[in-house]
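Enquirer: Below you'll find the structure I mean.
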Amino acid sequence: MSNKKPKVNGIGLIVEDLSDFDTIRILIDRYIGIDGLRFKRKAGGGCGKMRNKALSYAKELKNKGCNMVVLVHDLDGRELEKLREDLSFFVKKSPAEFNFICIPNEEMEAWLLSDEDAVNNLFKLNKKIKAISNPEKIKSPKEHLGKIVDQNSNKRKRYINTQHNLKIAELIEVDKIAAKCESFKELLDFLDNYRYQ
């Protein structure tokens with residue numbers, strides 16, 4: 001029996017916006033370690049549109065050479081198992097060979113709160129922010145991240161998710177996110193089947 005890993009030709013990401021695409025692409029690329037791996041995106045313009053268009057987006061991404069498609073949908077106050085059930089059609093019907101639904105709790109910015117050193121280093125904060133043991137329990141992590149940058153820079157620095165998320169993603173320790181955020185660990189567990197081809 002062969003231990004050969006399935007071959008990933010390209011990864012399609014169905015996300016809410018360009019900022020999410022850039023951030024998740026960086027995190028996946030750093031983890032999966034496949035030279036020259038191509039990423040394509042379909043940005044949903046909001047969760048409702050993304051759910052309605054998920055299968056047509058997956059077909060477009062497959063036609064662009066992506067045999068893996070990851071749908072990233074923030075929890076945003078919904079009940080996790082209900083949302084997972086509502087999205088289960090995607091894995092069953094997507095035309096791509098490999099499919100995964102990733103549901104950050106509450107928002108993807110919770111992942112970025114996992115590594116206080118990355119945030120401190122990016123913003124060169126005069127007062128170091130404290131470690132957060134369970135970032136996925138924080139309500140409105142995007143706003144929380146903005147607040148701690150503001151407070152720990154004496155209001156001299158401003159966090160803007162569309163500019164800073166990808167920069168934090170370049171600095172963050174991926175293992176720290178996986179240790180603190182179950183939704184990210186699930187994504188890495190899925191990607192483990194395809195690493196270092």
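In the structure tokens, the first chain shown is A, the next is B, and so on; residue numbers restart at 1 for each chain, and ligands run from 1 in the order shown.
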Restrict the calculation to only C-alpha atoms, then for each residue of region 102-148 of chain A with any atom at most 8 Å from an atom of region 166-184 of chain A give the closest atom pair and their distance in Å to one decimal, rows by chain and rising residue number, as a Markdown table.

Expert:
```
| residue | atom | partner | partner_atom | distance |
| --- | --- | --- | --- | --- |
| A:Cys102 | CA | A:Ser183 | CA | 6.6 |
| A:Ile103 | CA | A:Ser183 | CA | 6.1 |
| A:Pro104 | CA | A:Ser183 | CA | 5.4 |
| A:Asn105 | CA | A:Ser183 | CA | 6.9 |
| A:Ala110 | CA | A:Cys181 | CA | 7.8 |
| A:Trp111 | CA | A:Ile177 | CA | 5.7 |
| A:Leu112 | CA | A:Ile168 | CA | 6.7 |
| A:Ser114 | CA | A:Ile177 | CA | 5.2 |
| A:Asp115 | CA | A:Ile172 | CA | 6.0 |
| A:Asp117 | CA | A:Ile172 | CA | 7.8 |
| A:Ala118 | CA | A:Ile172 | CA | 5.1 |
| A:Val119 | CA | A:Ile168 | CA | 6.3 |
| A:Leu122 | CA | A:Ile168 | CA | 6.8 |
| A:Ser133 | CA | A:Lys180 | CA | 6.5 |
| A:Asn134 | CA | A:Lys180 | CA | 5.6 |
| A:Pro135 | CA | A:Lys180 | CA | 6.9 |
| A:Glu136 | CA | A:Cys181 | CA | 6.1 |
```

Enquirer: With C-alpha atoms kept, could you save the residues just selected as a PDB file, in the first residue's frame?

Expert:
```
ATOM      1  CA  CYS A 102     -13.234  26.326   8.181  1.00  0.00           C
ATOM      2  CA  ILE A 103     -15.314  28.211  10.767  1.00  0.00           C
ATOM      3  CA  PRO A 104     -13.271  30.667  12.845  1.00  0.00           C
ATOM      4  CA  ASN A 105     -14.905  31.460  16.171  1.00  0.00           C
ATOM      5  CA  ALA A 110      -9.168  35.587  16.999  1.00  0.00           C
ATOM      6  CA  TRP A 111      -6.348  33.596  15.389  1.00  0.00           C
ATOM      7  CA  LEU A 112      -4.197  36.725  15.246  1.00  0.00           C
ATOM      8  CA  SER A 114      -2.931  33.920  19.633  1.00  0.00           C
ATOM      9  CA  ASP A 115       0.579  35.343  19.413  1.00  0.00           C
ATOM     10  CA  ASP A 117       4.693  38.769  20.293  1.00  0.00           C
ATOM     11  CA  ALA A 118       3.658  39.052  16.634  1.00  0.00           C
ATOM     12  CA  VAL A 119       1.297  41.930  17.457  1.00  0.00           C
ATOM     13  CA  LEU A 122       4.459  44.584  14.220  1.00  0.00           C
ATOM     14  CA  SER A 133      -5.075  31.869  26.575  1.00  0.00           C
ATOM     15  CA  ASN A 134      -8.307  31.333  24.624  1.00  0.00           C
ATOM     16  CA  PRO A 135      -8.722  33.959  21.876  1.00  0.00           C
ATOM     17  CA  GLU A 136     -11.741  32.231  20.361  1.00  0.00           C
TER      18      GLU A 136
END
```

Enquirer: Quick one: everything within 9 Å of Asn193 (chain A), counting only C-alpha atoms, minus sequence neighbours fewer than 4 positions away in the same chain. Send it as a list in words.

Expert: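 Listing them by chain and then by number gives Lys5, Pro6 and Asp189 of chain A.
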
Enquirer: Take the selection from the previous step and output its residues with N, CA, C and O atoms, as a short mmCIF file (atom, residue, chain, number, x, y, z; two decimals), in the first residue's frame.

Expert:
```
data_model
loop_
_atom_site.label_atom_id
_atom_site.label_comp_id
_atom_site.auth_asym_id
_atom_site.auth_seq_id
_atom_site.Cartn_x
_atom_site.Cartn_y
_atom_site.Cartn_z
N LYS A 5 1.29 10.96 -0.66
CA LYS A 5 0.27 11.94 -0.30
C LYS A 5 -0.49 12.39 -1.54
O LYS A 5 0.07 12.45 -2.62
N PRO A 6 -1.79 12.72 -1.36
CA PRO A 6 -2.54 13.26 -2.49
C PRO A 6 -1.90 14.54 -2.99
O PRO A 6 -1.40 15.34 -2.20
N ASP A 189 -5.12 20.13 10.74
CA ASP A 189 -5.29 18.67 10.71
C ASP A 189 -5.70 18.22 9.31
O ASP A 189 -5.22 17.20 8.82
#
```

Enquirer: List as JSON lines every residue of region 55-125 of chain A that is in contact with region 145-149 of chain A, defined as an atom at most 8 Å from one of its atoms (using only C-alpha atoms), together with the nearest atom pair and the distance in Å rounded to one decimal, sorted by chain and then rising number.

Expert:
```
{"residue": "A:Glu109", "atom": "CA", "partner": "A:Leu145", "partner_atom": "CA", "distance": 7.6}
{"residue": "A:Leu113", "atom": "CA", "partner": "A:Leu145", "partner_atom": "CA", "distance": 7.0}
{"residue": "A:Phe123", "atom": "CA", "partner": "A:Val149", "partner_atom": "CA", "distance": 7.5}
{"residue": "A:Leu125", "atom": "CA", "partner": "A:Val149", "partner_atom": "CA", "distance": 7.4}
```

Enquirer: Considering only C-alpha atoms, give me a table of residues in region 105-185 of chain A that are at most 8 Å from region 19-25 of chain A, with the closest atom pair and distance in Å for each, as JSON lines.

Expert:
```
{"residue": "A:Met108", "atom": "CA", "partner": "A:Asp20", "partner_atom": "CA", "distance": 7.8}
{"residue": "A:Asn161", "atom": "CA", "partner": "A:Ser19", "partner_atom": "CA", "distance": 7.3}
{"residue": "A:Thr162", "atom": "CA", "partner": "A:Ser19", "partner_atom": "CA", "distance": 5.1}
{"residue": "A:Gln163", "atom": "CA", "partner": "A:Ser19", "partner_atom": "CA", "distance": 7.7}
{"residue": "A:Asn165", "atom": "CA", "partner": "A:Thr23", "partner_atom": "CA", "distance": 6.0}
{"residue": "A:Leu166", "atom": "CA", "partner": "A:Thr23", "partner_atom": "CA", "distance": 4.4}
{"residue": "A:Ala169", "atom": "CA", "partner": "A:Thr23", "partner_atom": "CA", "distance": 5.8}
```

Enquirer: Excluding same-chain residues fewer than 5 positions from Tyr31 (chain A), what lies within 9 Å of it counting only C-alpha atoms, as a list in words?

Expert: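 Residues meeting the cut-off are Ile26, Val174, Leu188, Leu191, Asp192 and Arg195 of chain A.
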
Enquirer: Residues near Cys66 (chain A), anyone? I mean within 7 Å using only C-alpha atoms, not counting same-chain ones fewer than 4 positions away, as a PyMOL selection string.

Expert: chain A and resi 9-12+61-62

Enquirer: Can you work out which one of A:Lys64, A:Ala131, A:Ala58, A:Ile14 has the shortest atom-to-atom distance to Lys93 (chain A), counting only C-alpha atoms?

Expert: A:Ala58

Enquirer: I'd like to know which of A:Arg156, A:Lys59, A:Gln151, A:Pro141 is closest to Lys128 (chain A), using only C-alpha atoms.

Expert: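 Nearest candidate to Lys128 (chain A) out of A:Arg156, A:Lys59, A:Gln151, A:Pro141: A:Gln151.
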
Enquirer: For Glu16 (chain A), which residue among A:Ala54, A:Ile160, A:Val72, A:Leu87 is the nearest when counting only C-alpha atoms?

Expert: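 Closest to Glu16 (chain A), using only C-alpha atoms: A:Val72.
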
Enquirer: Grab the CA of Tyr159 (chain A) to CA of Glu107 (chain A) distance for me, in Å with one decimal place.

Expert: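 Straight-line distance from CA of Tyr159 (chain A) to CA of Glu107 (chain A) works out to 15.6 Å.
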
Enquirer: Based on the backbone DSSP call, show me all residues of region 9-138 of chain A assigned helix (DSSP H, G or I), as number ranges by chain.

Expert: A: 18-32, 47-63, 80-93, 109-112, 116-123, 135-137

Enquirer: I need the residues of region 1-196 of chain A that end up classed as strand (DSSP E) by DSSP on the backbone, written out as a PyMOL selection string.

Expert: chain A and resi 10-15+38-43+68-72+98-102

Enquirer: Hey, can you spit out that residue selection with N, CA and C atoms as a PDB file, in the first residue's frame?

Expert:
```pdb
ATOM      1  N   GLY A  10      -3.522  23.276  -6.708  1.00  0.00           N
ATOM      2  CA  GLY A  10      -3.799  24.664  -6.370  1.00  0.00           C
ATOM      3  C   GLY A  10      -4.880  24.703  -5.312  1.00  0.00           C
ATOM      4  N   ILE A  11      -4.873  25.752  -4.507  1.00  0.00           N
ATOM      5  CA  ILE A  11      -5.863  25.892  -3.440  1.00  0.00           C
ATOM      6  C   ILE A  11      -6.748  27.091  -3.734  1.00  0.00           C
ATOM      7  N   GLY A  12      -8.033  26.844  -3.776  1.00  0.00           N
ATOM      8  CA  GLY A  12      -9.006  27.905  -3.924  1.00  0.00           C
ATOM      9  C   GLY A  12      -9.567  28.263  -2.556  1.00  0.00           C
ATOM     10  N   LEU A  13      -9.652  29.541  -2.265  1.00  0.00           N
ATOM     11  CA  LEU A  13     -10.183  30.006  -0.986  1.00  0.00           C
ATOM     12  C   LEU A  13     -11.455  30.811  -1.246  1.00  0.00           C
ATOM     13  N   ILE A  14     -12.533  30.377  -0.624  1.00  0.00           N
ATOM     14  CA  ILE A  14     -13.779  31.131  -0.665  1.00  0.00           C
ATOM     15  C   ILE A  14     -13.866  31.874   0.661  1.00  0.00           C
ATOM     16  N   VAL A  15     -13.778  33.186   0.598  1.00  0.00           N
ATOM     17  CA  VAL A  15     -13.649  34.016   1.792  1.00  0.00           C
ATOM     18  C   VAL A  15     -14.582  35.227   1.677  1.00  0.00           C
ATOM     19  N   ARG A  38      -0.095  27.413  -5.999  1.00  0.00           N
ATOM     20  CA  ARG A  38      -0.935  28.527  -6.464  1.00  0.00           C
ATOM     21  C   ARG A  38      -2.185  28.642  -5.602  1.00  0.00           C
ATOM     22  N   PHE A  39      -2.576  29.877  -5.337  1.00  0.00           N
ATOM     23  CA  PHE A  39      -3.816  30.162  -4.620  1.00  0.00           C
ATOM     24  C   PHE A  39      -4.701  31.033  -5.500  1.00  0.00           C
ATOM     25  N   LYS A  40      -5.982  30.731  -5.493  1.00  0.00           N
ATOM     26  CA  LYS A  40      -6.981  31.554  -6.182  1.00  0.00           C
ATOM     27  C   LYS A  40      -8.069  31.880  -5.170  1.00  0.00           C
ATOM     28  N   ARG A  41      -8.810  32.955  -5.449  1.00  0.00           N
ATOM     29  CA  ARG A  41      -9.821  33.358  -4.477  1.00  0.00           C
ATOM     30  C   ARG A  41     -11.158  33.646  -5.135  1.00  0.00           C
ATOM     31  N   LYS A  42     -12.188  33.480  -4.337  1.00  0.00           N
ATOM     32  CA  LYS A  42     -13.505  34.014  -4.637  1.00  0.00           C
ATOM     33  C   LYS A  42     -13.942  34.683  -3.338  1.00  0.00           C
ATOM     34  N   ALA A  43     -14.159  35.971  -3.415  1.00  0.00           N
ATOM     35  CA  ALA A  43     -14.585  36.725  -2.234  1.00  0.00           C
ATOM     36  C   ALA A  43     -16.097  36.879  -2.284  1.00  0.00           C
ATOM     37  N   MET A  68      -8.166  21.737  -4.609  1.00  0.00           N
ATOM     38  CA  MET A  68      -8.565  21.860  -3.208  1.00  0.00           C
ATOM     39  C   MET A  68      -9.281  23.201  -3.042  1.00  0.00           C
ATOM     40  N   VAL A  69     -10.423  23.162  -2.346  1.00  0.00           N
ATOM     41  CA  VAL A  69     -11.160  24.391  -2.066  1.00  0.00           C
ATOM     42  C   VAL A  69     -11.484  24.433  -0.578  1.00  0.00           C
ATOM     43  N   VAL A  70     -11.149  25.563   0.047  1.00  0.00           N
ATOM     44  CA  VAL A  70     -11.434  25.783   1.465  1.00  0.00           C
ATOM     45  C   VAL A  70     -12.423  26.937   1.568  1.00  0.00           C
ATOM     46  N   LEU A  71     -13.563  26.668   2.190  1.00  0.00           N
ATOM     47  CA  LEU A  71     -14.578  27.682   2.447  1.00  0.00           C
ATOM     48  C   LEU A  71     -14.370  28.194   3.873  1.00  0.00           C
ATOM     49  N   VAL A  72     -14.125  29.494   4.023  1.00  0.00           N
ATOM     50  CA  VAL A  72     -13.868  30.089   5.337  1.00  0.00           C
ATOM     51  C   VAL A  72     -15.052  30.988   5.682  1.00  0.00           C
ATOM     52  N   PHE A  98     -10.602  17.915  -3.174  1.00  0.00           N
ATOM     53  CA  PHE A  98     -10.439  18.034  -1.723  1.00  0.00           C
ATOM     54  C   PHE A  98     -11.148  19.305  -1.248  1.00  0.00           C
ATOM     55  N   ASN A  99     -11.979  19.174  -0.219  1.00  0.00           N
ATOM     56  CA  ASN A  99     -12.779  20.302   0.247  1.00  0.00           C
ATOM     57  C   ASN A  99     -12.790  20.356   1.765  1.00  0.00           C
ATOM     58  N   PHE A 100     -12.858  21.590   2.281  1.00  0.00           N
ATOM     59  CA  PHE A 100     -12.877  21.766   3.734  1.00  0.00           C
ATOM     60  C   PHE A 100     -13.653  23.032   4.080  1.00  0.00           C
ATOM     61  N   ILE A 101     -14.398  22.965   5.174  1.00  0.00           N
ATOM     62  CA  ILE A 101     -15.104  24.123   5.706  1.00  0.00           C
ATOM     63  C   ILE A 101     -14.393  24.543   6.987  1.00  0.00           C
ATOM     64  N   CYS A 102     -13.924  25.776   7.014  1.00  0.00           N
ATOM     65  CA  CYS A 102     -13.234  26.326   8.181  1.00  0.00           C
ATOM     66  C   CYS A 102     -14.124  27.405   8.790  1.00  0.00           C
TER      67      CYS A 102
END
```

Enquirer: Grab the CA of Lys127 (chain A) to CA of Ser153 (chain A) distance for me, in Å with one decimal place.

Expert: 6.7 Å
